[in-house]
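Printed here is my_file.txt (compact mmCIF, C-alpha atoms):
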```txt
# COMPACT_ATOMS: atom_id res chain seq x y z
CA MET E 620 26.07 31.11 3.74
CA ARG E 621 23.46 29.80 1.31
CA VAL E 622 19.91 29.09 2.44
CA ALA E 623 17.13 27.25 0.55
CA ILE E 624 13.63 28.63 1.06
CA THR E 625 10.63 26.71 -0.27
CA SER E 626 8.40 28.99 -2.32
CA THR E 627 4.95 28.70 -3.88
CA GLY E 628 5.94 30.88 -6.83
CA GLN E 629 8.94 32.24 -8.65
CA SER E 630 9.24 35.66 -7.09
CA LEU E 631 10.36 36.93 -3.71
CA GLU E 632 6.80 38.14 -3.13
CA SER E 633 5.56 34.54 -3.37
CA ARG E 634 4.50 32.82 -0.19
CA LEU E 635 6.56 30.29 1.68
CA ASP E 636 5.63 26.79 0.47
CA GLN E 637 4.64 24.67 3.48
CA ARG E 638 5.99 21.44 2.00
CA PHE E 639 9.67 20.75 1.54
CA GLY E 640 10.02 17.82 -0.87
CA ARG E 641 7.06 18.76 -3.03
CA CYS E 642 7.29 22.56 -2.95
CA ALA E 643 6.78 24.47 -6.20
CA PHE E 644 10.09 26.38 -6.21
CA PHE E 645 13.31 26.62 -4.26
CA VAL E 646 14.73 30.07 -3.64
CA ILE E 647 18.46 29.80 -2.95
CA TYR E 648 19.56 32.89 -1.07
CA ASP E 649 23.15 33.83 -0.35
CA THR E 650 23.37 35.81 2.89
CA GLU E 651 26.81 37.19 2.07
CA THR E 652 26.26 38.44 -1.48
CA GLY E 653 22.48 38.88 -1.35
CA GLY E 654 22.31 36.79 -4.54
CA VAL E 655 19.13 34.90 -5.31
CA GLU E 656 18.58 31.88 -7.53
CA ILE E 657 15.09 30.51 -8.14
CA LEU E 658 14.73 26.87 -9.20
CA PRO E 659 11.53 25.04 -10.16
CA ASN E 660 11.28 21.82 -8.13
CA PRO E 661 11.48 18.83 -10.52
CA ASN E 662 10.36 16.53 -7.68
CA LYS E 663 7.06 18.29 -7.10
CA ASP E 664 5.04 15.41 -8.57
CA ALA E 665 7.49 12.58 -7.93
CA GLU E 666 5.72 9.30 -7.24
CA GLU E 667 7.99 8.54 -4.33
CA GLY E 668 11.07 9.90 -2.64
CA ALA E 669 10.44 13.59 -3.33
CA GLY E 670 12.12 14.49 -0.03
CA PRO E 671 15.51 12.82 -0.61
CA ALA E 672 15.55 13.97 -4.25
CA SER E 673 14.93 17.56 -3.14
CA VAL E 674 17.68 17.29 -0.53
CA GLN E 675 19.96 16.13 -3.34
CA LEU E 676 19.01 19.22 -5.36
CA VAL E 677 19.45 21.83 -2.65
CA ALA E 678 22.58 20.14 -1.26
CA SER E 679 24.15 20.34 -4.70
CA LYS E 680 23.64 24.11 -4.38
CA GLU E 681 25.70 23.93 -1.18
CA VAL E 682 23.07 25.31 1.14
CA GLN E 683 23.60 25.09 4.90
CA LYS E 684 20.04 25.82 5.95
CA ILE E 685 16.59 25.08 4.61
CA VAL E 686 13.49 27.03 5.59
CA SER E 687 10.14 25.31 5.01
CA GLY E 688 6.84 24.60 6.72
CA GLU E 689 7.35 20.88 7.06
CA PHE E 690 9.96 18.18 6.49
CA GLY E 691 9.26 14.49 5.93
CA VAL E 692 10.72 11.75 8.10
CA LYS E 693 12.95 10.21 5.44
CA ILE E 694 15.28 13.16 5.15
CA LYS E 695 16.24 14.01 8.70
CA SER E 696 19.20 11.65 8.90
CA LEU E 697 20.34 12.73 5.43
CA LEU E 698 20.30 16.39 6.43
CA ASP E 699 22.06 15.59 9.70
CA SER E 700 24.85 13.77 7.89
CA LEU E 701 25.20 16.65 5.42
CA LYS E 702 25.14 19.14 8.29
CA ILE E 703 22.25 21.05 6.77
CA GLN E 704 19.98 22.68 9.30
CA MET E 705 16.18 22.43 8.96
CA ILE E 706 14.24 25.50 9.98
CA VAL E 707 10.56 24.77 10.41
CA TYR E 708 8.51 27.90 9.80
CA LYS E 709 4.79 27.22 9.80
CA GLU E 710 3.66 30.63 8.57
CA LYS E 711 1.94 30.09 5.29
CA GLU E 712 1.06 33.78 4.85
CA LYS E 713 4.71 34.90 5.00
CA THR E 714 6.47 35.82 1.78
CA VAL E 715 9.91 34.57 0.79
CA LYS E 716 11.10 38.16 1.06
CA SER E 717 10.08 38.33 4.73
CA VAL E 718 11.99 35.10 5.41
CA ILE E 719 15.06 36.64 3.77
CA ASP E 720 14.66 39.76 5.93
CA MET E 721 14.54 37.55 9.02
CA LEU E 722 17.71 35.74 7.94
CA ASN E 723 19.45 39.09 7.43
CA ASN E 724 18.43 40.38 10.84
CA GLN E 725 19.55 37.29 12.76
CA MET Z 138 -10.03 -21.01 -8.48
CA ARG Z 139 -9.52 -17.76 -6.68
CA ILE Z 140 -12.20 -15.43 -5.35
CA ALA Z 141 -11.10 -12.00 -4.19
CA VAL Z 142 -13.19 -10.24 -1.58
CA ALA Z 143 -12.39 -6.56 -1.97
CA SER Z 144 -13.73 -3.04 -1.50
CA GLY Z 145 -12.61 0.47 -2.22
CA LYS Z 146 -13.70 1.72 1.16
CA GLY Z 147 -12.17 0.34 4.32
CA GLY Z 148 -14.40 -1.14 7.01
CA THR Z 149 -17.21 -2.30 4.72
CA GLY Z 150 -16.92 -5.95 5.75
CA LYS Z 151 -14.34 -7.65 3.51
CA THR Z 152 -12.89 -9.69 6.35
CA PHE Z 153 -16.39 -10.39 7.68
CA VAL Z 154 -17.45 -11.84 4.33
CA ALA Z 155 -14.17 -13.63 3.62
CA THR Z 156 -13.90 -15.35 7.01
CA ASN Z 157 -17.54 -16.46 7.09
CA LEU Z 158 -17.53 -17.68 3.50
CA PHE Z 159 -14.37 -19.60 4.32
CA ASN Z 160 -16.00 -21.06 7.41
CA VAL Z 161 -19.06 -22.26 5.49
CA LEU Z 162 -16.98 -23.80 2.71
CA SER Z 163 -14.64 -25.46 5.23
CA ARG Z 164 -17.58 -26.93 7.12
CA ARG Z 165 -18.86 -28.46 3.90
CA GLY Z 166 -15.55 -30.21 3.54
CA GLU Z 167 -14.43 -28.23 0.53
CA ARG Z 168 -10.79 -27.88 -0.19
CA VAL Z 169 -10.51 -24.23 0.70
CA THR Z 170 -7.80 -21.74 1.53
CA LEU Z 171 -8.24 -18.27 2.98
CA ALA Z 172 -5.42 -15.91 2.03
CA ASP Z 173 -5.27 -12.78 4.16
CA CYS Z 174 -3.76 -10.35 1.65
CA ASP Z 175 -4.23 -7.24 3.78
CA ALA Z 176 -0.55 -7.43 4.67
CA GLU Z 177 -0.56 -4.03 6.37
CA ALA Z 178 -3.17 -5.15 8.90
CA PRO Z 179 -3.85 -8.89 8.64
CA ASP Z 180 -6.62 -9.95 11.01
CA ASP Z 181 -8.27 -13.06 9.58
CA MET Z 182 -6.49 -15.23 12.11
CA LEU Z 183 -8.40 -13.50 14.93
CA PHE Z 184 -11.33 -15.69 13.93
CA PHE Z 185 -9.71 -19.12 13.84
CA SER Z 186 -7.82 -21.40 16.09
CA ALA Z 187 -5.24 -22.95 13.86
CA GLU Z 188 -1.85 -24.51 14.01
CA LYS Z 189 1.08 -22.78 12.38
CA VAL Z 190 2.44 -25.02 9.62
CA ARG Z 191 5.24 -22.85 8.34
CA GLU Z 192 6.48 -19.30 8.05
CA THR Z 193 8.57 -17.96 5.17
CA GLU Z 194 10.32 -14.63 5.12
CA VAL Z 195 9.75 -12.41 2.10
CA THR Z 196 12.79 -10.46 1.01
CA HIS Z 197 13.90 -8.30 -1.85
CA GLN Z 198 17.37 -7.34 -3.05
CA VAL Z 199 18.58 -3.83 -2.32
CA PRO Z 200 21.82 -2.33 -3.64
CA VAL Z 201 25.02 -1.99 -1.64
CA ILE Z 202 27.37 0.59 -3.12
CA ASN Z 203 31.12 0.21 -2.81
CA LYS Z 204 32.37 3.81 -2.74
CA ASP Z 205 35.93 2.76 -3.57
CA ALA Z 206 34.83 1.27 -6.87
CA CYS Z 207 32.34 4.05 -7.62
CA THR Z 208 33.34 6.38 -10.48
CA TRP Z 209 30.71 9.00 -9.47
CA CYS Z 210 29.01 8.84 -12.85
CA GLY Z 211 25.55 9.07 -11.26
CA ARG Z 212 23.93 6.54 -13.61
CA CYS Z 213 22.49 4.43 -10.78
CA SER Z 214 20.81 7.45 -9.22
CA ARG Z 215 19.39 8.64 -12.55
CA TRP Z 216 18.11 5.17 -13.43
CA CYS Z 217 16.30 4.80 -10.13
CA ASN Z 218 12.64 5.59 -10.63
CA TYR Z 219 11.99 5.90 -6.91
CA ASN Z 220 14.69 8.35 -5.82
CA ALA Z 221 16.22 5.64 -3.67
CA ILE Z 222 19.84 6.50 -4.43
CA PHE Z 223 20.94 9.75 -2.88
CA TYR Z 224 23.84 11.08 -4.92
CA LEU Z 225 25.94 14.16 -4.22
CA PRO Z 226 29.17 13.82 -6.22
CA ASN Z 227 30.84 17.02 -5.03
CA ALA Z 228 30.53 16.00 -1.41
CA LYS Z 229 31.38 12.36 -2.34
CA VAL Z 230 28.11 11.18 -0.85
CA ILE Z 231 26.20 8.27 -2.33
CA GLU Z 232 23.66 6.52 -0.19
CA VAL Z 233 20.92 3.96 -0.66
CA ILE Z 234 17.63 4.92 0.97
CA GLU Z 235 16.45 1.40 1.60
CA ASN Z 236 12.82 2.05 2.31
CA LEU Z 237 12.36 3.79 -1.03
CA CYS Z 238 13.97 0.88 -2.91
CA HIS Z 239 11.59 -1.37 -4.86
CA GLY Z 240 14.26 -4.00 -5.44
CA CYS Z 241 13.99 -3.70 -9.22
CA GLY Z 242 17.72 -4.05 -9.85
CA ALA Z 243 17.93 -1.16 -12.34
CA CYS Z 244 20.86 0.41 -10.47
CA SER Z 245 22.96 -2.76 -10.57
CA PHE Z 246 22.26 -2.97 -14.27
CA ALA Z 247 23.11 0.70 -14.80
CA CYS Z 248 26.44 0.54 -12.98
CA ASN Z 249 29.34 0.09 -15.40
CA SER Z 250 32.05 -0.07 -12.77
CA GLY Z 251 30.93 -3.03 -10.71
CA ALA Z 252 30.41 -0.86 -7.64
CA ILE Z 253 26.97 -2.25 -6.83
CA THR Z 254 26.26 -5.58 -5.18
CA GLU Z 255 22.95 -6.58 -3.63
CA LYS Z 256 21.81 -7.80 -0.25
CA PRO Z 257 18.47 -9.21 0.87
CA VAL Z 258 16.19 -7.08 3.02
CA VAL Z 259 13.25 -8.66 4.85
CA LEU Z 260 9.90 -7.10 3.88
CA GLY Z 261 7.58 -9.37 5.80
CA ALA Z 262 6.48 -12.95 6.15
CA VAL Z 263 3.95 -15.41 4.81
CA THR Z 264 2.58 -17.81 7.41
CA THR Z 265 0.50 -20.88 6.71
CA PHE Z 266 -1.93 -22.18 9.31
CA SER Z 267 -3.98 -25.34 9.32
CA THR Z 268 -7.42 -25.02 10.93
CA ASP Z 269 -9.04 -27.74 13.01
CA VAL Z 270 -11.27 -28.75 10.09
CA GLY Z 271 -8.26 -29.19 7.82
CA SER Z 272 -8.52 -26.08 5.73
CA ARG Z 273 -5.75 -23.54 5.39
CA VAL Z 274 -5.25 -19.89 6.25
CA VAL Z 275 -2.30 -18.14 4.61
CA GLU Z 276 -1.40 -14.83 6.13
CA ALA Z 277 0.63 -12.04 4.51
CA ARG Z 278 2.20 -9.83 7.13
CA MET Z 279 4.39 -6.91 6.28
CA LYS Z 280 7.22 -5.81 8.54
CA VAL Z 281 6.63 -2.58 10.44
CA ASN Z 282 8.41 0.34 8.76
CA GLU Z 283 8.41 -1.18 5.28
CA MET Z 284 6.74 0.92 2.62
CA SER Z 285 5.04 -1.45 0.19
CA PRO Z 286 3.17 -4.69 0.94
CA VAL Z 287 3.06 -5.76 -2.71
CA ARG Z 288 5.82 -8.38 -2.62
CA VAL Z 289 4.47 -9.93 0.57
CA ILE Z 290 0.99 -10.14 -0.96
CA LYS Z 291 2.40 -11.75 -4.09
CA ALA Z 292 4.23 -14.34 -2.01
CA ALA Z 293 1.07 -15.15 -0.01
CA ILE Z 294 -0.99 -15.64 -3.17
CA LYS Z 295 1.71 -17.89 -4.58
CA GLU Z 296 1.78 -19.90 -1.35
CA SER Z 297 -2.02 -20.26 -1.49
CA GLY Z 298 -1.85 -21.93 -4.90
CA ASP Z 299 -5.05 -22.31 -6.92
CA GLU Z 300 -6.34 -25.73 -5.97
CA GLY Z 301 -9.89 -25.99 -4.73
CA ILE Z 302 -11.24 -22.60 -3.68
CA VAL Z 303 -8.87 -19.86 -2.61
CA ILE Z 304 -10.49 -16.85 -0.99
CA LEU Z 305 -8.31 -13.74 -1.18
CA ASP Z 306 -9.19 -11.23 1.52
CA ALA Z 307 -7.98 -8.10 -0.29
CA PRO Z 308 -6.49 -4.95 1.20
CA PRO Z 309 -8.75 -1.86 1.04
CA GLY Z 310 -8.42 0.82 -1.60
CA THR Z 311 -7.73 0.64 -5.31
CA SER Z 312 -3.96 1.11 -5.35
CA CYS Z 313 -1.12 -1.38 -5.95
CA PRO Z 314 -1.90 -3.78 -3.04
CA PHE Z 315 -5.52 -4.12 -4.23
CA ILE Z 316 -4.49 -4.53 -7.87
CA GLN Z 317 -1.89 -7.14 -6.98
CA THR Z 318 -4.57 -9.15 -5.17
CA VAL Z 319 -7.47 -8.94 -7.63
CA ASP Z 320 -5.18 -9.48 -10.61
CA LYS Z 321 -4.83 -13.12 -9.61
CA ALA Z 322 -8.56 -13.64 -8.96
CA ASP Z 323 -10.99 -15.47 -11.23
CA TYR Z 324 -13.90 -13.76 -9.54
CA VAL Z 325 -14.06 -10.51 -7.58
CA VAL Z 326 -16.69 -9.79 -4.95
CA LEU Z 327 -16.87 -6.18 -3.83
CA VAL Z 328 -18.30 -5.49 -0.39
CA THR Z 329 -19.81 -2.06 0.03
CA GLU Z 330 -22.26 -0.10 2.12
CA PRO Z 331 -25.16 1.97 0.80
CA THR Z 332 -23.80 5.40 1.64
CA PRO Z 333 -22.44 8.14 -0.64
CA PHE Z 334 -18.94 7.32 0.67
CA GLY Z 335 -19.46 3.61 -0.02
CA LEU Z 336 -20.76 4.38 -3.51
CA SER Z 337 -17.89 6.70 -4.37
CA ASP Z 338 -15.31 4.06 -3.47
CA LEU Z 339 -17.34 1.29 -5.10
CA LYS Z 340 -17.30 3.23 -8.37
CA GLN Z 341 -13.54 3.59 -8.18
CA SER Z 342 -13.16 -0.16 -7.57
CA VAL Z 343 -15.51 -1.06 -10.44
CA GLU Z 344 -13.71 1.30 -12.82
CA THR Z 345 -10.32 -0.08 -11.81
CA LEU Z 346 -11.53 -3.67 -12.26
CA ARG Z 347 -13.07 -2.92 -15.65
CA GLU Z 348 -9.76 -1.41 -16.70
CA MET Z 349 -8.34 -4.84 -15.80
CA LYS Z 350 -11.11 -6.54 -17.83
CA LYS Z 351 -12.79 -7.94 -14.74
CA GLU Z 352 -16.51 -7.82 -13.98
CA PRO Z 353 -17.19 -7.83 -10.24
CA ALA Z 354 -20.27 -8.80 -8.27
CA VAL Z 355 -21.36 -6.88 -5.18
CA ILE Z 356 -22.47 -7.55 -1.62
CA ILE Z 357 -24.14 -4.68 0.19
CA ASN Z 358 -23.36 -4.81 3.88
CA ARG Z 359 -25.48 -2.95 6.46
CA ALA Z 360 -28.00 -2.74 3.62
CA ASP Z 361 -30.68 -0.98 5.66
CA ILE Z 362 -28.62 2.06 6.56
CA GLY Z 363 -27.88 4.93 4.15
CA ASP Z 364 -29.88 5.26 0.97
CA GLY Z 365 -30.65 3.56 -2.33
CA CYS Z 366 -27.69 5.03 -4.20
CA VAL Z 367 -25.67 1.82 -4.46
CA ALA Z 368 -28.61 -0.33 -5.64
CA GLU Z 369 -29.39 2.29 -8.29
CA TYR Z 370 -25.79 2.33 -9.46
CA LEU Z 371 -25.61 -1.48 -9.68
CA GLU Z 372 -28.74 -1.57 -11.79
CA LYS Z 373 -27.49 1.12 -14.12
CA GLU Z 374 -24.13 -0.59 -14.53
CA ASN Z 375 -25.58 -4.09 -14.79
CA ILE Z 376 -23.55 -5.37 -11.87
CA PRO Z 377 -24.94 -8.46 -10.10
CA LEU Z 378 -25.97 -8.00 -6.48
CA LEU Z 379 -25.03 -11.21 -4.68
CA ALA Z 380 -26.40 -10.49 -1.24
CA GLU Z 381 -27.65 -7.81 1.09
CA ILE Z 382 -26.68 -8.10 4.73
CA ARG Z 383 -28.82 -6.15 7.14
CA TYR Z 384 -27.35 -4.17 9.99
CA ASP Z 385 -27.66 -6.11 13.21
CA PRO Z 386 -25.95 -5.17 16.49
CA ALA Z 387 -25.76 -8.88 17.36
CA VAL Z 388 -23.67 -9.50 14.24
CA ALA Z 389 -21.42 -6.57 15.10
CA ARG Z 390 -20.95 -7.88 18.63
CA ILE Z 391 -20.05 -11.41 17.57
CA TYR Z 392 -17.66 -10.09 14.94
CA SER Z 393 -16.00 -7.68 17.34
CA GLU Z 394 -15.30 -10.55 19.70
CA GLY Z 395 -13.47 -12.48 17.02
CA ARG Z 396 -16.21 -15.05 16.47
CA LEU Z 397 -17.98 -16.24 13.33
CA VAL Z 398 -21.64 -15.34 12.77
CA THR Z 399 -22.07 -18.40 10.57
CA GLN Z 400 -21.46 -20.50 13.69
CA GLU Z 401 -23.95 -18.60 15.83
CA ILE Z 402 -26.76 -17.00 13.84
CA PRO Z 403 -28.75 -19.43 11.65
CA ALA Z 404 -29.97 -16.66 9.32
CA MET Z 405 -26.39 -15.61 8.66
CA ALA Z 406 -25.31 -19.22 8.16
CA SER Z 407 -27.97 -19.70 5.52
CA LEU Z 408 -27.05 -16.43 3.79
CA PHE Z 409 -23.45 -17.53 3.52
CA GLU Z 410 -24.49 -21.04 2.47
CA LYS Z 411 -26.40 -19.46 -0.42
CA LEU Z 412 -23.40 -17.37 -1.29
CA ALA Z 413 -21.26 -20.50 -1.29
CA ASP Z 414 -23.84 -22.26 -3.51
CA HIS Z 415 -23.77 -19.39 -5.92
CA ILE Z 416 -20.01 -19.53 -6.15
CA SER Z 417 -20.05 -23.31 -6.55
CA GLU Z 418 -22.64 -23.14 -9.30
CA GLY Z 419 -21.01 -20.27 -11.09
CA TYR Z 420 -17.57 -21.73 -10.95
CA GLY Z 421 -18.24 -25.40 -10.89
CA THR Z 422 -15.17 -26.41 -8.96
CA VAL Z 423 -16.99 -27.13 -5.75
CA GLY Z 424 -19.21 -29.97 -4.71
CA GLN Z 425 -17.10 -33.01 -4.10
CA ASN Z 426 -16.19 -33.81 -0.57
CA ILE Z 427 -12.52 -34.64 -0.69
CA ARG Z 428 -11.40 -33.98 2.84
CA PRO Z 429 -11.07 -37.52 4.17
CA THR Z 430 -8.28 -38.46 1.79
CA TRP Z 431 -6.83 -35.09 1.22
CA LYS Z 432 -4.42 -33.04 3.31
CA TRP Z 433 -2.57 -29.82 2.79
CA ARG Z 434 1.18 -30.22 2.52
```
Could you render the structure from this file as structure tokens?
Amino acid sequence: MRVAITSTGQSLESRLDQRFGRCAFFVIYDTETGGVEILPNPNKDAEEGAGPASVQLVASKEVQKIVSGEFGVKIKSLLDSLKIQMIVYKEKEKTVKSVIDMLNNQ
Amino acid sequence: MRIAVASGKGGTGKTFVATNLFNVLSRRGERVTLADCDAEAPDDMLFFSAEKVRETEVTHQVPVINKDACTWCGRCSRWCNYNAIFYLPNAKVIEVIENLCHGCGACSFACNSGAITEKPVVLGAVTTFSTDVGSRVVEARMKVNEMSPVRVIKAAIKESGDEGIVILDAPPGTSCPFIQTVDKADYVVLVTEPTPFGLSDLKQSVETLREMKKEPAVIINRADIGDGCVAEYLEKENIPLLAEIRYDPAVARIYSEGRLVTQEIPAMASLFEKLADHISEGYGTVGQNIRPTWKWR
């Protein structure tokens, strides 16, 4: 299963970005292969609609879960219809690596 | 001619000034319209008893995508500047996010396969009222859950016309709703308060207006609170100070009860009379009493 994790930087030591639509980077983690892909978020400074555009991006990577600090109201129904689970994790000191460890130990 | 009453900061007294100026001009028998352009929170009508003349819905056209005709080229989604078309070709998902749509029509234009038609969506309403002295109030009111009041404001300004004096009670801030309102004004009055917060937002408003090649004049409300920072700034920038209104709990009480100080406090009535004189002199459209023969549509 692939999971998108919002990240403040482009390494696994970077902290979890607390915003979904306007996060700095997306880390796409594959729980089966352990593979990691890091994508800069092109919607970071979007005037409007950063949330839906970011859903479009991570959904095109076929993720089934997203871990972030906060999700905006416009995307809930989109994520529901795409069967992508939102995981709200309001721990801004946690690194992406520690989120991956948690996913592995589920 | 149109006078916009605006301010960067909220709660400085835009509605207070607009409604009382309107009241004074109406009483004189001027042909005057008050347009409440704060479509997100219109409240001018709290101060008047008036009869509703008509109400018009404001709509814009949003796309409807026919998935059977769609070739999944993605052009509509790429052309949309507001991320309002959610497009996931692999999952065969294409969806319009209506409250992000600005109704610009770019997607319909972009579509080469005729998969996009349009439907109207209601954004709000413009209501015209006739007051007991024969003047008009035009109210812009946005629908709850809509994102941008701009089209509703535009429609209200259009409805208000430009005959006689039209007072535009502007929405707060310096973003699109403000710009849409002041853009149509011949004269902009900024209401501020003499505090660092008031000054900071005043500066933003002045800079925005100057960018639009407009020179505002200023009213300082609650002039005896705060400090001298605003007066200093006005002098430095050569901005005319139209009036200073002192803080008075009696004024606040009357206002908070939805009444007009120009009806109840002589000093306030004369202040607003002077303001009206100034506007008449400066803009020369006022002065003839035309009410007896004249009626709004």
Problem set entry | For Asp720 in chain E: contacts at 12 Å, all atoms listed in the file, fewer than 6 positions along chain excluded, given as a PyMOL selection string | chain E and resi 631+648+650+653+713-714
Exercise. Please, which residues of chain Z lie no more than 8 Å from chain E when the count uses all atoms listed in the file, and can they be set out as a PyMOL selection string?
Worked result: chain Z and resi 219-221+223-225+227+237
For this session: Find the residues near range 294-305 of chain Z: any atom within 8 Å, counting all atoms listed in the file, skip ones fewer than 4 places away on the same chain, and give them as a ChimeraX atom specification.
Result: /Z:138-142,155,159,167-174,263,275,290,318,321-322,422-423
For this session: Can you work out the spacing between CA of Pro659 in chain E and CA of Asn218 in chain Z in Å, to one decimal?
Result: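 Between these atoms lies a distance of 19.5 Å.
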Exercise. Contacts of Ser626 in chain E at 6 Å or less, counting only C-alpha atoms, minus same-chain residues fewer than 2 places along, as a VMD selection string?
Worked result: chain E and resid 628 634 to 636 644 to 645
Serialized selection, C-alpha atoms, as an mmCIF file, in the coordinates of the input:
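In the end it all went to again-v9.cif:
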```
data_model
loop_
_atom_site.group_PDB
_atom_site.id
_atom_site.type_symbol
_atom_site.label_atom_id
_atom_site.label_comp_id
_atom_site.auth_asym_id
_atom_site.auth_seq_id
_atom_site.Cartn_x
_atom_site.Cartn_y
_atom_site.Cartn_z
ATOM 1 C CA GLY E 628 5.940 30.880 -6.830
ATOM 2 C CA ARG E 634 4.500 32.820 -0.190
ATOM 3 C CA LEU E 635 6.560 30.290 1.680
ATOM 4 C CA ASP E 636 5.630 26.790 0.470
ATOM 5 C CA PHE E 644 10.090 26.380 -6.210
ATOM 6 C CA PHE E 645 13.310 26.620 -4.260
#
```
For this session: Tell me which protein, DNA and RNA residues are within 12 Å of range 249-259 of chain Z, counting only C-alpha atoms, leaving out same-chain ones fewer than 6 positions away, and put them as an NGL selection string.
Result: :Z and (193-214 or 222 or 231-233 or 235-236 or 238-243 or 278-286 or 288-289)
Exercise. CA of Asn723 in chain E and CA of Gly640 in chain E, how far apart in Å?
Worked result: 24.7 Å
Exercise. Do you have the CA of Glu374 in chain Z-CA of Glu410 in chain Z distance handy?
Worked result: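 These atoms are spaced 26.6 Å apart.
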For this session: Name the residues in contact with range 328-338 of chain Z at a cut-off of 6 Å, using all atoms listed in the file, excluding same-chain residues fewer than 6 positions from it; report them as a count of residues only.
Result: 12
Exercise. Of the candidates E:Cys642, E:Lys711, E:Ile719, E:Glu689, which shows the shortest atom-to-atom distance to Thr625 in chain E, using all atoms listed in the file?
Worked result: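 Checking each of E:Cys642, E:Lys711, E:Ile719, E:Glu689 against Thr625 in chain E, counting all atoms listed in the file, the winner is E:Cys642.
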